[in-house]
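Comments concern the structure below.
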Amino acid sequence: MQKRKRQPERGAGPHSRFSLIRSNYQIYLLLLPSVLFFLIFCYGPMYGVQIAFKDFSTGLGITGSPWVGLKHFRRFIDMPVFWNVFKNTLLLSFYNLLINFPIPILVALMVNEVKEGMFKKTMQTVTYAPHFISTVIVCSMLTLFLSPSAGFINKIIELCGGEAVNFMANPDNFKHIYVLSNTWQHTGWSSIIYVAALSSVDPALHESAVVDGATRIQRILHINLPSLAPTIVIQLILCCGSILVSDFEKVLILQKPAIMEAADVLSTYVYRIGIQQAQFSLSSAIGLFNSVVNFIVLITINKMCRKIGDTSLW
């Protein structure tokens, strides 16, 4: 008895894939600008990462510079400034995550409970607007508001019988100023994704809960929050994946010699030694170190979330 030949699966061959792409070329043309953007601006520059493992010389170029292995990584770790910069970056990011991750969720829950249309739109506009203010303008506003001579905050303190405080010159105040200004500037914008997730909750669930005698707080805790859980987990994973990334512009503008001990982070240190001091290999090694740590944290948090619940990035 002859064996029957197995027929190839439909759409499995390279010609079938090509015909599928050709028949849907409009979709791929729409995708092309995004692909080109990432290839040119994200993957293309990765060629230069190799200078972190070389003694880079502008005269010799990237390919002509000699390989030195992990020399610049060891050099950075052995520097006296390493632990201070690493600690500042980590503490600033954790503090920012601790304060500014849950607040947008609370704002979204409050906005969702507002039923009066005009008030709801006004509340959303007021909370979203600061996101569109330039970082330079925000830092200028902070400098003016906290000025020991003309700032309105110090004027209020003086009216209450106290003495003017130079907030911007105290290293202990830097983290609070940075984090709380982020709260004011980005809370409304960050809450949009949670408001959108809440809009997809089935109204029948709330109607059934009301019939059963559930209060508004109980409906928030047992209907709204569980509906937000997948979105919250994904946002948490993404935030933890950039745990060593600070707002470079804001930190750099707010930095002063008096508070450098608390305000110097990895991004500003890379700028200082890479752009101002032209130590390209060392700055590339620090940037790569930063990316590797963020990648490890991202993988770890994603794995933990996958084990604890059913939601993860992959």
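As shown in the structure tokens, the chain order sets the letters A, B, ...; within each chain, residues go from 1, and ligands are also counted from 1 in the order they appear.
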
- Task: Run DSSP on the backbone of this structure and report the residues of segment 39-212 of chain A it assigns to alpha helix (DSSP H), as number ranges by chain.
- Result: A: 61-64, 71-78, 81-100, 102-113, 117-128, 135-145, 152-159, 171-190, 192-198, 203-211

With 12 Å as the cut-off and only C-alpha atoms counted, what is the closest atom pair between each nearby residue of segment 22-87 of chain A and segment 237-257 of chain A? Distances in Å to one decimal, ordered by chain and number, as a tab-separated table.
```
residue	atom	partner	partner_atom	distance
A:Val85	CA	A:Leu244	CA	10.6
A:Phe86	CA	A:Leu244	CA	8.3
A:Lys87	CA	A:Leu244	CA	9.9
```

- Message: For Ile192 of chain A, find every residue with an atom within 12 Å (counting only C-alpha atoms), except residues of its own chain fewer than 5 positions away, and show them as a ChimeraX atom specification.
- Response: /A:104-109,111-112,124-125,127-128,131,186-187,197-199,231

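The two atoms in question, atom CA of Leu313 of chain A and atom CA of Ile234 of chain A, are spaced 6.6 Å apart.
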
Residues near Val138 of chain A, anyone? I mean within 9 Å using only C-alpha atoms, not counting same-chain ones fewer than 5 positions away, as a JSON list (two decimals) with C-alpha atoms, in the first residue's frame.
```json
[["chain", "number", "residue", "atom", "x", "y", "z"],
["A", 130, "PRO", "CA", 0.07, 71.07, 33.02],
["A", 133, "ILE", "CA", 3.82, 73.02, 29.76],
["A", 143, "THR", "CA", 12.43, 78.68, 40.96],
["A", 181, "SER", "CA", 6.27, 68.82, 40.51],
["A", 185, "GLN", "CA", 2.47, 68.10, 35.81],
["A", 250, "LYS", "CA", 14.21, 68.68, 34.80]]
```

- Message: At a cut-off of 12 Å, using only C-alpha atoms, what residues contact Gly274 of chain A? Leave out same-chain residues fewer than 4 positions from it and give the result as an NGL selection string.
- Response: :A and (52 or 56 or 266-270 or 278-287)

Generate the output file for the selected residues, all heavy atoms, as a compact mmCIF listing (two decimals), in the first residue's frame.
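In the end it all went to part-v2.txt:
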```txt
# COMPACT_ATOMS: atom_id res chain seq x y z
N ALA A 52 31.64 51.40 23.85
CA ALA A 52 31.72 51.16 25.29
C ALA A 52 32.78 50.11 25.59
O ALA A 52 33.28 50.04 26.73
CB ALA A 52 30.37 50.70 25.83
N PHE A 56 37.77 54.67 22.40
CA PHE A 56 37.33 55.36 21.18
C PHE A 56 38.17 56.61 20.93
O PHE A 56 38.42 57.41 21.83
CB PHE A 56 35.86 55.74 21.29
CG PHE A 56 35.36 56.56 20.14
CD1 PHE A 56 35.21 55.98 18.89
CD2 PHE A 56 35.05 57.90 20.30
CE1 PHE A 56 34.75 56.73 17.81
CE2 PHE A 56 34.58 58.65 19.23
CZ PHE A 56 34.44 58.07 17.99
N LEU A 266 22.38 59.37 37.01
CA LEU A 266 23.13 58.74 35.93
C LEU A 266 23.05 59.53 34.63
O LEU A 266 24.06 59.72 33.95
CB LEU A 266 22.62 57.31 35.71
CG LEU A 266 23.10 56.26 36.70
CD1 LEU A 266 22.32 54.96 36.51
CD2 LEU A 266 24.58 56.00 36.55
N SER A 267 21.85 60.01 34.27
CA SER A 267 21.70 60.71 33.00
C SER A 267 22.48 62.02 32.96
O SER A 267 23.10 62.35 31.94
CB SER A 267 20.21 60.97 32.73
OG SER A 267 19.62 61.69 33.79
N THR A 268 22.47 62.77 34.05
CA THR A 268 23.22 64.03 34.08
C THR A 268 24.72 63.77 34.15
O THR A 268 25.52 64.54 33.61
CB THR A 268 22.79 64.91 35.26
OG1 THR A 268 22.95 64.18 36.48
CG2 THR A 268 21.33 65.32 35.12
N TYR A 269 25.12 62.69 34.83
CA TYR A 269 26.54 62.35 34.90
C TYR A 269 27.06 61.94 33.52
O TYR A 269 28.16 62.34 33.12
CB TYR A 269 26.76 61.23 35.91
CG TYR A 269 28.21 60.89 36.15
CD1 TYR A 269 29.04 61.79 36.83
CD2 TYR A 269 28.75 59.71 35.69
CE1 TYR A 269 30.38 61.50 37.04
CE2 TYR A 269 30.10 59.39 35.91
CZ TYR A 269 30.89 60.30 36.57
OH TYR A 269 32.23 60.01 36.78
N VAL A 270 26.26 61.18 32.77
CA VAL A 270 26.64 60.79 31.41
C VAL A 270 26.77 62.03 30.53
O VAL A 270 27.72 62.15 29.74
CB VAL A 270 25.59 59.82 30.82
CG1 VAL A 270 25.79 59.66 29.32
CG2 VAL A 270 25.68 58.46 31.49
N ALA A 278 33.98 64.98 26.84
CA ALA A 278 34.31 64.19 25.64
C ALA A 278 34.90 62.82 25.95
O ALA A 278 35.71 62.30 25.20
CB ALA A 278 35.28 64.99 24.75
N GLN A 279 34.47 62.21 27.07
CA GLN A 279 34.88 60.84 27.39
C GLN A 279 33.80 59.89 26.84
O GLN A 279 32.98 59.34 27.57
CB GLN A 279 35.06 60.66 28.89
CG GLN A 279 36.13 61.56 29.49
CD GLN A 279 36.37 61.26 30.96
OE1 GLN A 279 36.52 60.10 31.36
NE2 GLN A 279 36.40 62.30 31.76
N PHE A 280 33.83 59.68 25.53
CA PHE A 280 32.74 59.00 24.85
C PHE A 280 32.63 57.52 25.23
O PHE A 280 31.53 57.00 25.39
CB PHE A 280 32.91 59.14 23.34
CG PHE A 280 32.95 60.57 22.87
CD1 PHE A 280 34.09 61.10 22.29
CD2 PHE A 280 31.84 61.38 23.01
CE1 PHE A 280 34.13 62.42 21.87
CE2 PHE A 280 31.86 62.70 22.59
CZ PHE A 280 33.01 63.22 22.02
N SER A 281 33.75 56.85 25.37
CA SER A 281 33.72 55.43 25.71
C SER A 281 33.14 55.21 27.11
O SER A 281 32.32 54.32 27.32
CB SER A 281 35.12 54.82 25.61
OG SER A 281 35.57 54.81 24.27
N LEU A 282 33.57 56.03 28.06
CA LEU A 282 33.09 55.88 29.43
C LEU A 282 31.61 56.20 29.52
O LEU A 282 30.84 55.48 30.17
CB LEU A 282 33.89 56.80 30.36
CG LEU A 282 33.49 56.77 31.84
CD1 LEU A 282 33.63 55.37 32.42
CD2 LEU A 282 34.34 57.76 32.64
N SER A 283 31.18 57.27 28.85
CA SER A 283 29.75 57.63 28.90
C SER A 283 28.89 56.58 28.22
O SER A 283 27.78 56.28 28.67
CB SER A 283 29.54 59.00 28.25
OG SER A 283 29.95 58.98 26.90
N SER A 284 29.40 55.98 27.15
CA SER A 284 28.66 54.89 26.49
C SER A 284 28.56 53.67 27.39
O SER A 284 27.52 53.00 27.42
CB SER A 284 29.35 54.51 25.18
OG SER A 284 29.36 55.58 24.28
N ALA A 285 29.62 53.38 28.12
CA ALA A 285 29.60 52.24 29.04
C ALA A 285 28.58 52.47 30.16
O ALA A 285 27.84 51.55 30.54
CB ALA A 285 30.99 52.02 29.63
N ILE A 286 28.50 53.69 30.67
CA ILE A 286 27.52 54.00 31.73
C ILE A 286 26.10 53.90 31.19
O ILE A 286 25.20 53.35 31.84
CB ILE A 286 27.78 55.41 32.31
CG1 ILE A 286 29.18 55.48 32.92
CG2 ILE A 286 26.73 55.77 33.34
CD1 ILE A 286 29.61 56.89 33.32
N GLY A 287 25.87 54.43 29.97
CA GLY A 287 24.55 54.33 29.37
C GLY A 287 24.14 52.88 29.12
O GLY A 287 22.98 52.52 29.34
```

- Message: Need to verify the contact set: Ala263 of chain A, 8 Å, only C-alpha atoms, exclusion of same-chain residues closer than 3 positions in sequence. Can you return it as a ChimeraX atom specification?
- Response: /A:88,171,174-175,251,255,259-260

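A straight line drawn from atom CA of Asn166 of chain A to atom CA of Pro148 of chain A is 5.1 Å long.
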
- Message: Neighbouring residues of segment 216-221 of chain A were defined as those with any atom within 8 Å, considering only C-alpha atoms; residues of the same chain fewer than 5 positions away were excluded. Please report them as number ranges by chain.
- Response: A: 109, 206, 209, 226

- Task: Using atom CA of Ala258 of chain A and atom CA of Asn182 of chain A as the two end points, give the distance in Å to one decimal.
- Result: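 Atom CA of Asn182 of chain A lies 22.0 Å from atom CA of Ala258 of chain A.
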